[in-house]
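Engineer: Can you keep this structure in mind? I'll have questions shortly.
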Amino acid sequence: MDEGQTSRAARLMDLLGLSEDELCRVLDVDPLTLLSGQLEHRAELPILLDLLDEARERAGPAVLRRWVRARGPAGRPIDSLVGRDFPAFEDALAELAARGFVVRGD
């Protein structure tokens with residue numbers, strides 16, 4: 001088991017408040033692969049964590065958990081994420097940063 005990848009997956013899950021099902025969809029893996037930690041082929045995992053690092057430092061996990069499920073101009077970021085539309089997710093994250101890491105009400 002690759003503890004590094006497993007802990008990264010858990011970190012992403014915790015950071016955004018994802019369910020196990022959502023995490024499996026984001027990483028395009030089945031639950032057994034997730035539990036076994038065989039995620040070394042999932043290049044998107046470290047990329048997503050790198051993208052979220054600044055937001056985590058500036059806004060904190062609570063804001064990110066709320067933001068990922070809040071409706072923005074292009075829809076909810078969680079929908080882009082679980083749909084594996086990573087460019088749209090990155091755009092939503094850039095918009096959050098441009099607003100100063102403020103989540104507006106729905």
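How things are named: the first chain in the structure tokens is A, the next is B, and so on; residues count from 1 in each chain; ligands count from 1 in the order shown.
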Leaving out Gly100 in chain A and any residue of its chain fewer than 5 positions from it, which residues lie within 12 Å of it when counting only C-alpha atoms, given as a PyMOL selection string?
Structural biologist: chain A and resi 54-55+58-59+63+93-95
Engineer: Those residues with N, CA, C and O atoms, as a PDB file, in the first residue's frame please?
Structural biologist:
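The new file selection_10.pdb reads:
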ATOM      1  N   GLU A  54      -2.889  27.121  -2.009  1.00  0.00           N
ATOM      2  CA  GLU A  54      -3.012  28.552  -1.720  1.00  0.00           C
ATOM      3  C   GLU A  54      -4.377  28.860  -1.118  1.00  0.00           C
ATOM      4  O   GLU A  54      -4.485  29.610  -0.147  1.00  0.00           O
ATOM      5  N   ALA A  55      -5.414  28.259  -1.685  1.00  0.00           N
ATOM      6  CA  ALA A  55      -6.760  28.493  -1.166  1.00  0.00           C
ATOM      7  C   ALA A  55      -6.875  28.011   0.272  1.00  0.00           C
ATOM      8  O   ALA A  55      -7.483  28.676   1.115  1.00  0.00           O
ATOM      9  N   ARG A  58      -5.054  30.554   2.480  1.00  0.00           N
ATOM     10  CA  ARG A  58      -5.677  31.870   2.558  1.00  0.00           C
ATOM     11  C   ARG A  58      -7.099  31.839   3.098  1.00  0.00           C
ATOM     12  O   ARG A  58      -7.515  32.783   3.769  1.00  0.00           O
ATOM     13  N   ALA A  59      -7.843  30.784   2.783  1.00  0.00           N
ATOM     14  CA  ALA A  59      -9.252  30.756   3.161  1.00  0.00           C
ATOM     15  C   ALA A  59      -9.558  29.737   4.247  1.00  0.00           C
ATOM     16  O   ALA A  59     -10.479  29.922   5.024  1.00  0.00           O
ATOM     17  N   VAL A  63     -14.050  27.241   4.483  1.00  0.00           N
ATOM     18  CA  VAL A  63     -14.493  28.013   3.314  1.00  0.00           C
ATOM     19  C   VAL A  63     -14.462  27.134   2.076  1.00  0.00           C
ATOM     20  O   VAL A  63     -15.397  27.172   1.259  1.00  0.00           O
ATOM     21  N   LEU A  93     -11.838  27.797  -9.107  1.00  0.00           N
ATOM     22  CA  LEU A  93     -10.892  28.108  -8.034  1.00  0.00           C
ATOM     23  C   LEU A  93     -10.220  29.458  -8.287  1.00  0.00           C
ATOM     24  O   LEU A  93     -10.048  30.255  -7.356  1.00  0.00           O
ATOM     25  N   ALA A  94      -9.891  29.745  -9.537  1.00  0.00           N
ATOM     26  CA  ALA A  94      -9.298  31.043  -9.883  1.00  0.00           C
ATOM     27  C   ALA A  94     -10.292  32.174  -9.618  1.00  0.00           C
ATOM     28  O   ALA A  94      -9.908  33.248  -9.142  1.00  0.00           O
ATOM     29  N   GLU A  95     -11.565  31.926  -9.895  1.00  0.00           N
ATOM     30  CA  GLU A  95     -12.588  32.933  -9.627  1.00  0.00           C
ATOM     31  C   GLU A  95     -12.715  33.189  -8.125  1.00  0.00           C
ATOM     32  O   GLU A  95     -12.859  34.323  -7.686  1.00  0.00           O
TER      33      GLU A  95
END
Engineer: Near Arg56 in chain A, within 12 Å and counting only C-alpha atoms, which residues show up once chain neighbours fewer than 6 positions away are dropped, as a list in words?
Structural biologist: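 Answer for this query is Arg11, Leu12, Asp14, Leu15, Leu16, Leu48, Leu49, Asp50, Ala62, Val63, Leu64, Arg65, Trp67, Leu93, Leu96, Ala97 and Phe101 of chain A.
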Engineer: Leaving out range 32-41 of chain A and any residue of its chain fewer than 2 positions from it, which residues lie within 12 Å of it when counting only C-alpha atoms, given as an MDAnalysis selection string?
Structural biologist: chainID A and resid 1:10 13 20:30 43:46
Engineer: Write the residues of the preceding selection, restricted to N, CA, C and O atoms, as a short mmCIF file (atom, residue, chain, number, x, y, z; two decimals), in the first residue's frame.
Structural biologist:
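Generated file (result00.cif):
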data_model
loop_
_atom_site.label_atom_id
_atom_site.label_comp_id
_atom_site.auth_asym_id
_atom_site.auth_seq_id
_atom_site.Cartn_x
_atom_site.Cartn_y
_atom_site.Cartn_z
N MET A 1 0.84 -1.18 0.00
CA MET A 1 0.00 0.00 0.00
C MET A 1 0.88 1.24 0.00
O MET A 1 1.84 1.32 0.74
N ASP A 2 0.55 2.19 -0.83
CA ASP A 2 1.29 3.44 -0.89
C ASP A 2 0.67 4.43 0.08
O ASP A 2 -0.34 5.06 -0.22
N GLU A 3 1.25 4.54 1.26
CA GLU A 3 0.71 5.41 2.29
C GLU A 3 0.70 6.87 1.84
O GLU A 3 -0.19 7.62 2.21
N GLY A 4 1.68 7.27 1.03
CA GLY A 4 1.73 8.65 0.57
C GLY A 4 0.51 9.02 -0.25
O GLY A 4 -0.12 10.05 -0.03
N GLN A 5 0.16 8.19 -1.21
CA GLN A 5 -1.00 8.45 -2.06
C GLN A 5 -2.30 8.33 -1.25
O GLN A 5 -3.22 9.11 -1.45
N THR A 6 -2.36 7.36 -0.35
CA THR A 6 -3.55 7.20 0.48
C THR A 6 -3.76 8.43 1.36
O THR A 6 -4.87 8.93 1.48
N SER A 7 -2.68 8.93 1.95
CA SER A 7 -2.82 10.12 2.79
C SER A 7 -3.15 11.35 1.95
O SER A 7 -3.89 12.22 2.41
N ARG A 8 -2.65 11.42 0.73
CA ARG A 8 -3.01 12.53 -0.16
C ARG A 8 -4.50 12.47 -0.50
O ARG A 8 -5.18 13.49 -0.53
N ALA A 9 -4.99 11.28 -0.78
CA ALA A 9 -6.41 11.12 -1.10
C ALA A 9 -7.26 11.52 0.10
O ALA A 9 -8.27 12.21 -0.04
N ALA A 10 -6.84 11.10 1.29
CA ALA A 10 -7.58 11.46 2.51
C ALA A 10 -7.52 12.97 2.73
O ALA A 10 -8.51 13.57 3.18
N MET A 13 -9.97 14.57 0.37
CA MET A 13 -11.32 14.27 0.87
C MET A 13 -11.68 15.19 2.03
O MET A 13 -12.76 15.76 2.06
N GLU A 20 -16.68 9.36 0.24
CA GLU A 20 -15.84 8.36 -0.42
C GLU A 20 -16.26 8.17 -1.86
O GLU A 20 -15.42 8.02 -2.75
N ASP A 21 -17.57 8.17 -2.12
CA ASP A 21 -18.07 8.02 -3.49
C ASP A 21 -17.60 9.17 -4.36
O ASP A 21 -17.15 8.96 -5.50
N GLU A 22 -17.68 10.39 -3.85
CA GLU A 22 -17.22 11.54 -4.63
C GLU A 22 -15.73 11.44 -4.91
O GLU A 22 -15.29 11.72 -6.03
N LEU A 23 -14.95 11.05 -3.91
CA LEU A 23 -13.51 10.91 -4.10
C LEU A 23 -13.20 9.85 -5.16
O LEU A 23 -12.35 10.07 -6.02
N CYS A 24 -13.90 8.74 -5.12
CA CYS A 24 -13.71 7.69 -6.15
C CYS A 24 -14.02 8.23 -7.54
O CYS A 24 -13.30 7.94 -8.49
N ARG A 25 -15.07 9.03 -7.66
CA ARG A 25 -15.43 9.60 -8.96
C ARG A 25 -14.38 10.60 -9.43
O ARG A 25 -14.03 10.62 -10.61
N VAL A 26 -13.89 11.43 -8.52
CA VAL A 26 -12.84 12.41 -8.87
C VAL A 26 -11.60 11.69 -9.38
O VAL A 26 -11.01 12.09 -10.39
N LEU A 27 -11.20 10.63 -8.70
CA LEU A 27 -9.97 9.92 -9.05
C LEU A 27 -10.20 8.82 -10.08
O LEU A 27 -9.24 8.18 -10.53
N ASP A 28 -11.46 8.59 -10.44
CA ASP A 28 -11.82 7.57 -11.42
C ASP A 28 -11.29 6.20 -11.01
O ASP A 28 -10.62 5.51 -11.78
N VAL A 29 -11.58 5.83 -9.76
CA VAL A 29 -11.18 4.54 -9.21
C VAL A 29 -12.37 3.90 -8.51
O VAL A 29 -13.32 4.58 -8.13
N ASP A 30 -12.28 2.60 -8.31
CA ASP A 30 -13.31 1.91 -7.55
C ASP A 30 -12.92 1.97 -6.07
O ASP A 30 -11.77 2.25 -5.73
N ALA A 43 -2.47 10.90 -11.53
CA ALA A 43 -1.67 12.12 -11.58
C ALA A 43 -2.46 13.34 -11.12
O ALA A 43 -1.87 14.32 -10.65
N GLU A 44 -3.80 13.29 -11.22
CA GLU A 44 -4.59 14.44 -10.85
C GLU A 44 -4.57 14.71 -9.33
O GLU A 44 -4.78 15.83 -8.91
N LEU A 45 -4.30 13.69 -8.54
CA LEU A 45 -4.32 13.86 -7.09
C LEU A 45 -3.30 14.91 -6.61
O LEU A 45 -3.70 15.89 -5.97
N PRO A 46 -2.01 14.77 -6.92
CA PRO A 46 -1.09 15.81 -6.47
C PRO A 46 -1.34 17.16 -7.14
O PRO A 46 -1.13 18.21 -6.53
#
